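Asker: Data file my_file-v1.txt (compact mmCIF, C-alpha atoms) is appended below.
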# COMPACT_ATOMS: atom_id res chain seq x y z
CA MET S 888 7.66 -20.67 -15.21
CA SER S 889 3.98 -19.90 -14.85
CA GLU S 890 2.12 -21.11 -17.94
CA GLN S 891 -0.29 -18.21 -17.82
CA SER S 892 2.11 -15.29 -17.51
CA GLY S 893 5.44 -16.67 -18.62
CA ALA S 894 6.87 -15.15 -15.42
CA PRO S 895 9.13 -17.22 -13.18
CA GLU S 896 7.59 -18.55 -10.00
CA GLY S 897 9.31 -17.90 -6.67
CA PRO S 898 12.25 -15.52 -6.15
CA VAL S 899 14.00 -14.22 -9.25
CA ALA S 900 17.82 -13.97 -9.38
CA THR S 901 18.98 -10.58 -10.68
CA GLY S 902 22.75 -10.47 -10.73
CA GLU S 903 23.99 -10.88 -7.16
CA ARG S 904 20.65 -10.46 -5.38
CA THR S 905 17.32 -12.21 -5.34
CA ARG S 906 14.12 -10.29 -6.00
CA PRO S 907 10.82 -11.56 -4.55
CA ALA S 908 8.35 -13.00 -7.04
CA ARG S 909 5.54 -10.87 -8.38
CA PRO S 910 2.76 -10.71 -5.74
CA THR S 911 -0.67 -12.21 -6.39
CA ARG S 912 -4.14 -11.52 -5.02
CA ASP S 913 -3.66 -14.30 -2.47
CA ASP S 914 -0.90 -12.25 -0.80
CA TYR S 915 -3.32 -9.62 0.52
CA VAL S 916 -5.96 -9.59 3.26
CA ALA S 917 -8.10 -6.43 2.97
CA TRP S 918 -9.44 -4.87 -0.24
CA ARG S 919 -10.69 -1.51 -1.55
CA THR S 920 -11.49 -0.33 -5.06
CA ALA S 921 -10.50 3.06 -6.45
CA THR S 922 -12.00 4.73 -9.50
CA THR S 923 -9.44 6.02 -11.97
CA ARG S 924 -9.75 9.47 -13.47
CA TRP S 925 -8.63 10.89 -16.79
CA ARG S 926 -6.12 13.13 -15.02
CA ASP S 927 -4.47 10.13 -13.30
CA ASP S 928 -2.72 9.19 -16.55
CA ASP S 929 0.48 10.93 -17.58
CA ALA S 930 1.56 12.05 -21.04
CA TYR S 931 2.54 8.46 -21.90
CA GLY S 932 -0.97 7.14 -21.31
CA HIS S 933 -0.36 5.23 -18.09
CA LEU S 934 -0.92 5.98 -14.42
CA ASN S 935 1.31 8.78 -13.17
CA ASN S 936 3.90 7.66 -10.59
CA ALA S 937 2.60 10.12 -8.00
CA THR S 938 -0.88 8.59 -8.29
CA TYR S 939 0.47 5.20 -7.17
CA TYR S 940 1.58 6.81 -3.90
CA GLU S 941 -1.79 8.52 -3.48
CA LEU S 942 -3.44 5.11 -3.85
CA PHE S 943 -1.13 3.57 -1.24
CA ASP S 944 -1.93 6.38 1.20
CA THR S 945 -5.66 6.01 0.53
CA ALA S 946 -5.63 2.23 0.94
CA VAL S 947 -3.91 2.42 4.34
CA ASN S 948 -5.79 5.36 5.81
CA ALA S 949 -9.22 4.35 4.49
CA TYR S 950 -8.67 0.93 6.03
CA LEU S 951 -7.74 2.52 9.40
CA TYR S 952 -10.83 4.77 9.32
CA ASP S 953 -13.12 1.84 8.54
CA ALA S 954 -11.51 -0.66 10.92
CA THR S 955 -11.22 1.68 13.93
CA GLY S 956 -14.29 3.85 13.39
CA LEU S 957 -12.10 6.81 14.43
CA ASP S 958 -10.82 9.97 12.78
CA VAL S 959 -7.18 8.86 12.74
CA ARG S 960 -6.05 12.46 12.16
CA ALA S 961 -7.50 13.55 15.53
CA LEU S 962 -5.96 10.83 17.72
CA PRO S 963 -3.39 11.79 20.39
CA GLN S 964 -0.87 9.69 18.41
CA ILE S 965 -0.82 9.87 14.63
CA GLY S 966 0.91 7.78 12.00
CA VAL S 967 3.31 9.72 9.82
CA VAL S 968 4.85 8.20 6.72
CA ALA S 969 8.48 7.31 7.39
CA GLU S 970 9.14 5.28 4.23
CA THR S 971 7.50 4.46 0.92
CA GLY S 972 8.52 2.52 -2.13
CA CYS S 973 7.02 0.96 -5.23
CA ARG S 974 7.83 -1.95 -7.53
CA TYR S 975 6.20 -1.59 -10.95
CA PHE S 976 5.32 -4.72 -12.92
CA ARG S 977 3.03 -3.55 -15.73
CA GLU S 978 1.21 -0.42 -16.88
CA ILE S 979 -2.23 0.48 -15.57
CA GLY S 980 -4.41 3.55 -16.03
CA PHE S 981 -7.73 5.19 -16.90
CA PRO S 982 -10.58 4.18 -17.36
CA ASP S 983 -10.63 0.89 -15.43
CA PRO S 984 -10.94 0.77 -11.62
CA ILE S 985 -7.99 -0.35 -9.51
CA GLU S 986 -8.31 -2.90 -6.75
CA MET S 987 -5.98 -2.27 -3.82
CA GLY S 988 -4.97 -5.22 -1.64
CA LEU S 989 -3.53 -4.54 1.80
CA VAL S 990 -1.39 -6.68 4.08
CA VAL S 991 0.83 -5.95 7.10
CA ASP S 992 4.35 -7.35 7.29
CA LYS S 993 5.24 -6.06 10.75
CA VAL S 994 3.63 -4.39 13.75
CA GLY S 995 6.10 -2.85 16.19
CA THR S 996 5.56 -0.73 19.28
CA SER S 997 5.32 2.50 17.31
CA SER S 998 5.42 1.44 13.66
CA ILE S 999 3.58 -0.60 11.04
CA VAL S 1000 4.95 -1.90 7.74
CA TYR S 1001 2.26 -2.28 5.07
CA ARG S 1002 2.35 -3.71 1.55
CA ILE S 1003 -0.26 -2.59 -0.97
CA GLY S 1004 -0.87 -4.46 -4.21
CA LEU S 1005 -2.50 -2.70 -7.15
CA PHE S 1006 -4.54 -4.80 -9.57
CA GLN S 1007 -6.45 -3.81 -12.68
CA GLY S 1008 -8.53 -6.17 -14.76
CA ASP S 1009 -8.73 -9.91 -14.28
CA SER S 1010 -5.03 -10.58 -13.63
CA ASP S 1011 -4.18 -12.39 -10.41
CA GLU S 1012 -0.72 -10.79 -10.50
CA ALA S 1013 -0.14 -7.31 -9.12
CA ALA S 1014 0.53 -4.48 -11.55
CA ALA S 1015 2.50 -2.77 -8.77
CA GLU S 1016 3.30 -3.23 -5.11
CA GLY S 1017 3.95 -0.49 -2.61
CA ARG S 1018 5.71 -0.50 0.74
CA PHE S 1019 4.36 2.00 3.24
CA VAL S 1020 5.67 2.53 6.78
CA HIS S 1021 3.77 4.45 9.44
CA VAL S 1022 5.61 5.64 12.56
CA TYR S 1023 3.43 6.98 15.38
CA VAL S 1024 4.23 10.36 16.90
CA ASP S 1025 2.76 12.64 19.55
CA ASN S 1026 -0.01 14.68 17.92
CA SER S 1027 -0.18 17.28 20.72
CA ARG S 1028 3.00 18.98 19.51
CA GLY S 1029 3.69 20.91 16.34
CA ALA S 1030 5.33 19.50 13.26
CA GLY S 1031 9.06 19.07 13.73
CA ASP S 1032 8.70 18.53 17.50
CA ARG S 1033 6.79 15.24 17.61
CA PRO S 1034 8.54 12.44 19.47
CA VAL S 1035 7.90 8.83 18.50
CA VAL S 1036 5.31 7.19 20.79
CA PRO S 1037 3.49 3.84 20.96
CA MET S 1038 0.63 3.50 18.47
CA PRO S 1039 -2.95 3.72 19.77
CA ASP S 1040 -4.48 0.43 20.93
CA ALA S 1041 -7.37 0.85 18.44
CA VAL S 1042 -4.90 1.01 15.56
CA ARG S 1043 -2.96 -2.03 16.80
CA GLU S 1044 -6.20 -4.01 17.12
CA ALA S 1045 -7.17 -3.02 13.57
CA VAL S 1046 -3.88 -3.98 11.89
CA VAL S 1047 -2.95 -7.19 13.69
CA PRO S 1048 -5.56 -9.17 11.67
CA LEU S 1049 -3.74 -8.02 8.49
CA LEU S 1050 -0.44 -9.65 9.52
CA ARG S 1051 0.72 -12.30 7.11
What's the structure tokens form of this structure?
Answerer:
Amino acid sequence: MSEQSGAPEGPVATGERTRPARPTRDDYVAWRTATTRWRDDDAYGHLNNATYYELFDTAVNAYLYDATGLDVRALPQIGVVAETGCRYFREIGFPDPIEMGLVVDKVGTSSIVYRIGLFQGDSDEAAAEGRFVHVYVDNSRGAGDRPVVPMPDAVREAVVPLLR
């Protein structure tokens, strides 16, 4: 057990399966800070679930804009979200800023698997961790008729340094 948090270190057994340990700041490579807003909290006084997903989307796409210097929405191949998920560890919310850590688990020919850790305050342990999968499709066709294509070289070059 960690003396500071009382949380077990390493994987945690939950019935028949093993759950990964709670992520820490050291698990992430790139960082961005988001300002929380009063409206981000729900009726229970903590960050609304939908806001977590907005933060994941912002962390990934802001990183791509900064790292490539391109308008990723205007590329011939665009990343569409094929999968998302979130593990919640503790409550966070307004008024403190949220630090978003970003790491890449896998870079394929046409897809990228990201993990985004959300941190608030001085804790080294994530308050939540998101999984976010981009699959690249042909942007010259309309929605619903976009075949999967290889990701742009500029995107690949930007995300490979985030592999862990």
Asker: Which polymer residues have any atom within 10 Å of an atom of region 931-945 of chain S, counting only C-alpha atoms, with same-chain residues fewer than 2 positions away left out, as a ChimeraX atom specification?
Answerer: /S:919-921,923-929,947-951,968,971-973,975,977-981,985-989,1001-1005,1015-1019
Asker: Which distance in Å separates CA of Glu970 (chain S) and CA of Ser1010 (chain S), to one decimal?
Answerer: 27.8 Å
Asker: Go through S:Met1038, S:Thr922, S:Val1047, S:Gly1031 one by one, measure the shortest atom-to-atom distance of each to Val959 (chain S) using all atoms listed in the file, and give the residue with the smallest value.
Answerer: S:Met1038
Asker: So how far away is CA of Val967 (chain S) from CA of Asp914 (chain S), in Å?
Answerer: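 Interatomic distance here is 24.8 Å.
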Asker: From the list S:Pro1039, S:Tyr915, S:Phe1006, S:Ala1045, which residue is nearest Phe976 (chain S) when using all atoms listed in the file?
Answerer: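 Checking each of S:Pro1039, S:Tyr915, S:Phe1006, S:Ala1045 against Phe976 (chain S), counting all atoms listed in the file, the winner is S:Phe1006.
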Asker: Using only C-alpha atoms, find the one residue out of S:Glu1012, S:Pro963, S:Val1035, S:Pro1048 that sits nearest to Val991 (chain S).
Answerer: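 Selected residue with least distance to Val991 (chain S): S:Pro1048.
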